[in-house]
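Structure first, commentary second.
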Amino acid sequence: MATDTTSAADAGQAAAGPGMPQLDFSNWGNQIFWLVITLIVIYFVLSRIALPRIASVLAERQGTITNDLAAAEDLKSKAHEAEAAYEKALIDARAEAQRIVAETKVGIQADLNAAIATADEEIAAKAAAGEKVIADIKANALDSIKVVANDTAKEIVTAMGGKADAKTITAAVTARMKG
Amino acid sequence: MASEAKDGGGLVFKPMDQFNVEALFGSGPIGVFTITNVTLWLALSIVAVICMMVLTTTKHSMVPSRGQSIAELAYGFVYKMVEDVTGKDAVGYFPYIMTLFMFILCANFLGLIPGSFTTTSHFAVTVVLAMAVFVTVTVLGFVKNGTKFLGLFWVASAPLALRPILAVIEVISYFVRPVSHSIRLAGNVMAGHAVIKVFAGFAALAVVSPIAILGITAMYALEILVSFIQAYVFTILTCVYLKDALHPSH
Amino acid sequence: MEGELAHIGAGLAAIGSGAAAIGVGNVAGNFLAGALRNPSAAASQTATLFIGIAFAEALGIFSFLVALLLMFAV
């Protein structure tokens with residue numbers, strides 16, 4: 001293009017400048033002026049409005065995610081706590097039941113022992129009374145036997161024609177009974 | 001190419017015409033305050049930034065809508081870049097870097113609209129952007145580190161004899177930074193658009209027009225990629241330069 | 001005559017774009033080779049990849065710029 005400047009001028013191009021519009025320094029001032037304004041506007045739009053807004057949205061989202069995660073962690077630990085409490089209650093209940101069983105057992109044993117002791121005592125008393133009665137009866141029977149034996153002996157002696165000496169007979173009977 | 005147009009008859013190649021700066025109202029000479037197509041498309045890039053970053057986030061939704069998630073994606077993308085490349089202490093410069101990224105991205109993509117004017121294809125625009133970064137980095141480097149910032153050019157790990165030579169190379173490469181920084185962006189965008197225009201010129205020839213249209217489509221796809229990558233590269237290089245200013249330990 | 005020479009110069013300068021293409025290909029190819037050997041480290045190095053590509057490409061862009069200057073500005 002630049003080789004044929006006349007034709008370039010004819011074509012209505014930038015007649016004064018070189019063929020490359022980029023190197024036409026006459027309009028640099030214009031471009032730089034508007035560019036600087038553009039950059040300043042974009043800088044203020046971004047730094048005052050857009051970037052703080054996006055940063056806040058991102059921070060908020062990050063915060064929400066962190067909070068949600070923390071809440072989930074919290075709930076999880078709560079669930080663990082509840083589970084532990086349940087386990088503890090179960091163990092406690094089991095121990096309580098065992099304690100009650102043992103207590104009852106001890107109580108019953110005590111009652112049983114007491115009852116057995118009472119019964120033993122009663123039995124012993126009854127046995128003692130019985131033995132006494134038996135001893136009495138025995139003694140009575142011995143006496144009766146002695147009397148009967150004396151009488152019988154006396155009668156026999158009499159019947160035999162002897163003279164019944166009461167004292168001798170009694171002595172004899174007593175001796176016999178002892179032997 | 002103009003001569004080619006005359007010779008070829010049907011074929012007209014004017015790949016650079018799309019970059020002409022013209023006054024929108026009237027046809028007088030372009031002064032500093034003249035409203036031109038540059039003004040229009042710069043204003044549209046402001047509108048695009050506002051649409052993308054402000055209007056989508058008005059609801060503050062906890063669960064983002066599509067627009068809001070794009071805004072959040074752009075925010076997170078640049079924020080992570082600043083944090084990873086420059087360091088955690090550079091987060092204060094994040095709005096500045098975000099401004100550069102959003103402006104270049106929106107201007108590049110607006111430039112891809114057929115018939116539009118690509119502001120980032122002009123050296124006037126990219127040189128201002130690159131010089132802004134260069135001046136910021138240099139001033140920040142001296143303010144934050146004092147004369148220790150000059151250690152950037154004095155490679156302490158190199159043998160003593162080599163150090164002066166390396167210092168010269170480092171200084172040159174430091175001052176080439178804004179040049180490459182600006183020309184990379186404008187060059188990429190301009191080259192892509194010019195190539196599309198050349199293909200479009202071929203499309204006037206019925207025989208090759210299918211191939212030309214295919215070529216335009218392919219170049220357009222590549223340009224979409226380049227638009228994003230150049231915005232990304234410009235931003236990440238800004239982060240790298242900023243890191244040099246904040247931590248010049250090399 | 002000068003104009004024709006400028007055009008030839010522009011064409012020669014455009015060779016630099018091809019050289020830059022080789023450079024960019026080198027960067028990307030080596031990155032891919034490294035990434036396939038150690039995929040876990042690849043994600044953290046994409047930024048470095050793009051910076052490397054950008055530097056390699058910048059020099060190609062310079063030659064492109066020289067070509068443009070020769071074509072349109074000289």
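In the structure tokens, chains take letters A, B, ... by order of appearance, with residues numbered from 1 within each chain and ligands from 1 in the order shown.
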| said: I need the chain B residues near chain C as a ChimeraX atom specification; criterion: at most 9 Å, counting only C-alpha atoms. | reply: /B:81,85,180-181,183-184,187-188,191,229-230,232-234,236-237,240
Atoms to include: N, CA and C atoms. Write the selected residues as a PDB file, in the first residue's frame.
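Written output follows (again.pdb):
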```pdb
ATOM      1  N   MET B  81      -3.956 -16.338  40.181  1.00  0.00           N
ATOM      2  CA  MET B  81      -2.740 -16.014  39.430  1.00  0.00           C
ATOM      3  C   MET B  81      -1.874 -15.057  40.226  1.00  0.00           C
ATOM      4  N   VAL B  85       1.702 -16.385  41.496  1.00  0.00           N
ATOM      5  CA  VAL B  85       2.889 -15.890  40.795  1.00  0.00           C
ATOM      6  C   VAL B  85       3.580 -14.799  41.597  1.00  0.00           C
ATOM      7  N   SER B 180       8.333  -5.410  24.470  1.00  0.00           N
ATOM      8  CA  SER B 180       7.788  -6.723  24.094  1.00  0.00           C
ATOM      9  C   SER B 180       6.399  -6.908  24.677  1.00  0.00           C
ATOM     10  N   HIS B 181       6.209  -6.383  25.883  1.00  0.00           N
ATOM     11  CA  HIS B 181       4.916  -6.506  26.547  1.00  0.00           C
ATOM     12  C   HIS B 181       3.803  -5.900  25.700  1.00  0.00           C
ATOM     13  N   ILE B 183       4.093  -4.831  22.329  1.00  0.00           N
ATOM     14  CA  ILE B 183       4.052  -5.250  20.926  1.00  0.00           C
ATOM     15  C   ILE B 183       3.493  -6.655  20.797  1.00  0.00           C
ATOM     16  N   ARG B 184       3.720  -7.494  21.850  1.00  0.00           N
ATOM     17  CA  ARG B 184       3.179  -8.842  21.806  1.00  0.00           C
ATOM     18  C   ARG B 184       1.658  -8.810  21.665  1.00  0.00           C
ATOM     19  N   GLY B 187       0.637  -6.867  18.389  1.00  0.00           N
ATOM     20  CA  GLY B 187       1.071  -7.637  17.226  1.00  0.00           C
ATOM     21  C   GLY B 187       0.212  -8.862  17.006  1.00  0.00           C
ATOM     22  N   ASN B 188      -0.032  -9.602  18.065  1.00  0.00           N
ATOM     23  CA  ASN B 188      -0.865 -10.800  17.937  1.00  0.00           C
ATOM     24  C   ASN B 188      -2.249 -10.470  17.415  1.00  0.00           C
ATOM     25  N   ALA B 191      -2.059  -8.997  13.806  1.00  0.00           N
ATOM     26  CA  ALA B 191      -1.705  -9.992  12.797  1.00  0.00           C
ATOM     27  C   ALA B 191      -2.903 -10.889  12.491  1.00  0.00           C
ATOM     28  N   ILE B 229      -5.640 -15.960  25.358  1.00  0.00           N
ATOM     29  CA  ILE B 229      -4.267 -16.249  25.783  1.00  0.00           C
ATOM     30  C   ILE B 229      -3.459 -14.968  25.912  1.00  0.00           C
ATOM     31  N   GLN B 230      -3.699 -13.999  25.013  1.00  0.00           N
ATOM     32  CA  GLN B 230      -2.918 -12.767  25.111  1.00  0.00           C
ATOM     33  C   GLN B 230      -3.305 -11.973  26.351  1.00  0.00           C
ATOM     34  N   TYR B 232      -4.343 -13.358  29.066  1.00  0.00           N
ATOM     35  CA  TYR B 232      -3.743 -14.148  30.140  1.00  0.00           C
ATOM     36  C   TYR B 232      -2.255 -13.882  30.238  1.00  0.00           C
ATOM     37  N   VAL B 233      -1.582 -13.873  29.077  1.00  0.00           N
ATOM     38  CA  VAL B 233      -0.134 -13.681  29.070  1.00  0.00           C
ATOM     39  C   VAL B 233       0.221 -12.286  29.560  1.00  0.00           C
ATOM     40  N   PHE B 234      -0.531 -11.299  29.095  1.00  0.00           N
ATOM     41  CA  PHE B 234      -0.259  -9.932  29.538  1.00  0.00           C
ATOM     42  C   PHE B 234      -0.383  -9.844  31.053  1.00  0.00           C
ATOM     43  N   ILE B 236      -0.256 -12.339  33.313  1.00  0.00           N
ATOM     44  CA  ILE B 236       0.701 -13.135  34.081  1.00  0.00           C
ATOM     45  C   ILE B 236       2.084 -12.499  34.014  1.00  0.00           C
ATOM     46  N   LEU B 237       2.404 -11.859  32.894  1.00  0.00           N
ATOM     47  CA  LEU B 237       3.692 -11.163  32.839  1.00  0.00           C
ATOM     48  C   LEU B 237       3.694  -9.958  33.769  1.00  0.00           C
ATOM     49  N   VAL B 240       4.490 -11.364  37.008  1.00  0.00           N
ATOM     50  CA  VAL B 240       5.910 -11.728  37.124  1.00  0.00           C
ATOM     51  C   VAL B 240       6.748 -10.483  37.366  1.00  0.00           C
TER      52      VAL B 240
END
```
Could the residues of chain A that have an atom at most 8 Å from chain B be listed as a Markdown table, each with its closest atom pair and the distance in Å to one decimal, counting only C-alpha atoms and ordered by chain and ascending residue number?
```
| residue | atom | partner | partner_atom | distance |
| --- | --- | --- | --- | --- |
| A:Met1 | CA | B:Ala2 | CA | 4.7 |
| A:Asp4 | CA | B:Ser3 | CA | 6.8 |
| A:Ser7 | CA | B:Ala2 | CA | 7.1 |
| A:Ala8 | CA | B:Ala2 | CA | 7.0 |
| A:Gln13 | CA | B:Asp17 | CA | 7.7 |
| A:Ala14 | CA | B:Asn20 | CA | 7.6 |
| A:Gly19 | CA | B:Met16 | CA | 7.8 |
| A:Met20 | CA | B:Met16 | CA | 6.5 |
| A:Pro21 | CA | B:Asn20 | CA | 5.4 |
| A:Gln22 | CA | B:His122 | CA | 5.3 |
| A:Leu23 | CA | B:Phe123 | CA | 7.7 |
| A:Ser26 | CA | B:Ile30 | CA | 7.7 |
| A:Asn27 | CA | B:Ile30 | CA | 6.3 |
| A:Trp28 | CA | B:Ala124 | CA | 5.5 |
| A:Gly29 | CA | B:Val32 | CA | 5.2 |
| A:Asn30 | CA | B:Val32 | CA | 3.9 |
| A:Gln31 | CA | B:Ala124 | CA | 6.5 |
| A:Ile32 | CA | B:Ala124 | CA | 6.3 |
| A:Phe33 | CA | B:Val32 | CA | 6.6 |
| A:Trp34 | CA | B:Thr39 | CA | 6.0 |
| A:Leu35 | CA | B:Val125 | CA | 6.6 |
| A:Thr38 | CA | B:Leu42 | CA | 6.3 |
| A:Leu39 | CA | B:Thr99 | CA | 7.1 |
| A:Val41 | CA | B:Ile46 | CA | 7.4 |
| A:Ile42 | CA | B:Ile46 | CA | 6.1 |
| A:Tyr43 | CA | B:Thr99 | CA | 5.4 |
| A:Val45 | CA | B:Ile50 | CA | 7.3 |
| A:Leu46 | CA | B:Pro95 | CA | 6.8 |
| A:Ser47 | CA | B:Pro95 | CA | 5.6 |
| A:Ile49 | CA | B:Val54 | CA | 6.9 |
| A:Ala50 | CA | B:Val54 | CA | 5.2 |
| A:Leu51 | CA | B:Pro95 | CA | 7.5 |
| A:Arg53 | CA | B:Thr57 | CA | 7.3 |
| A:Ile54 | CA | B:Glu72 | CA | 6.5 |
| A:Val57 | CA | B:His60 | CA | 5.9 |
| A:Leu58 | CA | B:Glu72 | CA | 7.9 |
| A:Glu60 | CA | B:Met62 | CA | 7.6 |
| A:Arg61 | CA | B:Met62 | CA | 6.0 |
```
| task | Compile the contact shell of B:Ala203 as a list in words: residues with an atom at most 12 Å away, counting only C-alpha atoms, same-chain residues fewer than 2 positions apart removed. | result |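 These residues fall inside the cut-off: Gly10, Leu11, Val12, Phe13, Ile196, Lys197, Val198, Phe199, Ala200, Gly201, Leu205, Ala206, Val207, Val208, Ser209, Pro210, Ile211, Ala212, Ile213, Leu214, Gly215 and Ile216 of chain B.
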| Between C:Asn26, C:Ser40, C:Thr46, C:Ser17, which is the closest to C:Ser63 once you count only C-alpha atoms? |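 Among the listed residues, C:Ser17 lies closest to C:Ser63.
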| Polymer residues at most 12 Å from stretch 165-167 of chain B, only C-alpha atoms, same-chain spacing of 4 or more positions, as a PyMOL selection string | chain B and resi 150-161+171-174
For the residues selected in the previous step, produce a file with N, CA, C and O atoms as a PDB file, in the first residue's frame.
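Result written to selection-v3.pdb:
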```
ATOM      1  N   LEU B 150      18.236  -2.615  42.705  1.00  0.00           N
ATOM      2  CA  LEU B 150      19.229  -2.717  41.636  1.00  0.00           C
ATOM      3  C   LEU B 150      19.903  -4.079  41.635  1.00  0.00           C
ATOM      4  O   LEU B 150      20.528  -4.467  40.659  1.00  0.00           O
ATOM      5  N   GLY B 151      19.783  -4.832  42.734  1.00  0.00           N
ATOM      6  CA  GLY B 151      20.311  -6.192  42.792  1.00  0.00           C
ATOM      7  C   GLY B 151      19.693  -7.084  41.738  1.00  0.00           C
ATOM      8  O   GLY B 151      20.227  -8.143  41.400  1.00  0.00           O
ATOM      9  N   LEU B 152      18.548  -6.662  41.236  1.00  0.00           N
ATOM     10  CA  LEU B 152      17.888  -7.402  40.157  1.00  0.00           C
ATOM     11  C   LEU B 152      18.821  -7.535  38.947  1.00  0.00           C
ATOM     12  O   LEU B 152      18.779  -8.521  38.223  1.00  0.00           O
ATOM     13  N   PHE B 153      19.673  -6.507  38.751  1.00  0.00           N
ATOM     14  CA  PHE B 153      20.544  -6.513  37.568  1.00  0.00           C
ATOM     15  C   PHE B 153      21.913  -7.111  37.864  1.00  0.00           C
ATOM     16  O   PHE B 153      22.667  -7.386  36.965  1.00  0.00           O
ATOM     17  N   TRP B 154      22.225  -7.265  39.150  1.00  0.00           N
ATOM     18  CA  TRP B 154      23.550  -7.742  39.546  1.00  0.00           C
ATOM     19  C   TRP B 154      23.401  -9.191  39.993  1.00  0.00           C
ATOM     20  O   TRP B 154      23.031  -9.470  41.126  1.00  0.00           O
ATOM     21  N   VAL B 155      23.673 -10.125  39.074  1.00  0.00           N
ATOM     22  CA  VAL B 155      23.399 -11.533  39.355  1.00  0.00           C
ATOM     23  C   VAL B 155      24.471 -12.058  40.313  1.00  0.00           C
ATOM     24  O   VAL B 155      25.595 -12.356  39.914  1.00  0.00           O
ATOM     25  N   ALA B 156      24.135 -12.158  41.593  1.00  0.00           N
ATOM     26  CA  ALA B 156      25.128 -12.496  42.607  1.00  0.00           C
ATOM     27  C   ALA B 156      25.609 -13.940  42.479  1.00  0.00           C
ATOM     28  O   ALA B 156      26.688 -14.281  42.953  1.00  0.00           O
ATOM     29  N   SER B 157      24.816 -14.780  41.844  1.00  0.00           N
ATOM     30  CA  SER B 157      25.186 -16.195  41.779  1.00  0.00           C
ATOM     31  C   SER B 157      26.155 -16.486  40.630  1.00  0.00           C
ATOM     32  O   SER B 157      26.718 -17.565  40.552  1.00  0.00           O
ATOM     33  N   ALA B 158      26.368 -15.490  39.752  1.00  0.00           N
ATOM     34  CA  ALA B 158      27.240 -15.719  38.600  1.00  0.00           C
ATOM     35  C   ALA B 158      28.694 -15.430  38.990  1.00  0.00           C
ATOM     36  O   ALA B 158      28.954 -14.747  39.977  1.00  0.00           O
ATOM     37  N   PRO B 159      29.660 -15.972  38.239  1.00  0.00           N
ATOM     38  CA  PRO B 159      31.068 -15.650  38.496  1.00  0.00           C
ATOM     39  C   PRO B 159      31.296 -14.152  38.364  1.00  0.00           C
ATOM     40  O   PRO B 159      30.638 -13.486  37.547  1.00  0.00           O
ATOM     41  N   LEU B 160      32.234 -13.638  39.158  1.00  0.00           N
ATOM     42  CA  LEU B 160      32.426 -12.186  39.243  1.00  0.00           C
ATOM     43  C   LEU B 160      32.744 -11.563  37.889  1.00  0.00           C
ATOM     44  O   LEU B 160      32.262 -10.484  37.570  1.00  0.00           O
ATOM     45  N   ALA B 161      33.534 -12.280  37.094  1.00  0.00           N
ATOM     46  CA  ALA B 161      33.947 -11.730  35.807  1.00  0.00           C
ATOM     47  C   ALA B 161      32.757 -11.551  34.865  1.00  0.00           C
ATOM     48  O   ALA B 161      32.731 -10.631  34.048  1.00  0.00           O
ATOM     49  N   VAL B 171      19.932  -5.246  32.236  1.00  0.00           N
ATOM     50  CA  VAL B 171      19.369  -3.898  32.094  1.00  0.00           C
ATOM     51  C   VAL B 171      18.653  -3.767  30.756  1.00  0.00           C
ATOM     52  O   VAL B 171      17.531  -3.253  30.677  1.00  0.00           O
ATOM     53  N   ILE B 172      19.302  -4.277  29.704  1.00  0.00           N
ATOM     54  CA  ILE B 172      18.661  -4.199  28.381  1.00  0.00           C
ATOM     55  C   ILE B 172      17.339  -4.961  28.401  1.00  0.00           C
ATOM     56  O   ILE B 172      16.297  -4.451  27.966  1.00  0.00           O
ATOM     57  N   SER B 173      17.379  -6.185  28.965  1.00  0.00           N
ATOM     58  CA  SER B 173      16.152  -6.974  28.938  1.00  0.00           C
ATOM     59  C   SER B 173      15.079  -6.317  29.808  1.00  0.00           C
ATOM     60  O   SER B 173      13.892  -6.427  29.519  1.00  0.00           O
ATOM     61  N   TYR B 174      15.534  -5.608  30.869  1.00  0.00           N
ATOM     62  CA  TYR B 174      14.547  -4.914  31.693  1.00  0.00           C
ATOM     63  C   TYR B 174      13.857  -3.822  30.902  1.00  0.00           C
ATOM     64  O   TYR B 174      12.643  -3.654  30.996  1.00  0.00           O
TER      65      TYR B 174
END
```
Just want the 8 Å neighbourhood of C:Val66, counted on only C-alpha atoms, with same-chain residues fewer than 4 positions away dropped. Output as a CSV table (one decimal) with N, CA, C and O atoms, in the first residue's frame.
```
chain,number,residue,atom,x,y,z
C,10,ALA,N,11.1,-7.1,4.0
C,10,ALA,CA,9.9,-7.5,4.8
C,10,ALA,C,9.7,-9.0,4.7
C,10,ALA,O,9.5,-9.7,5.7
C,13,ALA,N,12.3,-10.6,6.8
C,13,ALA,CA,12.0,-10.4,8.3
C,13,ALA,C,10.9,-11.4,8.7
C,13,ALA,O,10.9,-11.9,9.8
C,62,PHE,N,8.6,-9.4,17.1
C,62,PHE,CA,9.5,-8.3,16.7
C,62,PHE,C,9.8,-8.4,15.2
C,62,PHE,O,9.7,-7.4,14.5
C,70,LEU,N,8.7,-2.3,7.4
C,70,LEU,CA,9.2,-2.2,6.1
C,70,LEU,C,8.1,-2.1,5.0
C,70,LEU,O,8.3,-1.4,4.1
```
| request: Could you give me, as JSON, numbers by chain, the residues within 7 Å of stretch 144-159 of chain A, counting only C-alpha atoms and dropping anything in the same chain fewer than 3 positions from it? | output: {"A": [140, 141, 162, 163, 164, 169, 170, 173]}
| Please, which residues of stretch 12-245 of chain B, numbered as in this document, come out helix (DSSP H, G or I) from DSSP, as a ChimeraX atom specification? | /B:17-19,37-53,55-57,66-86,88-111,119-121,123-152,163-202,209-245
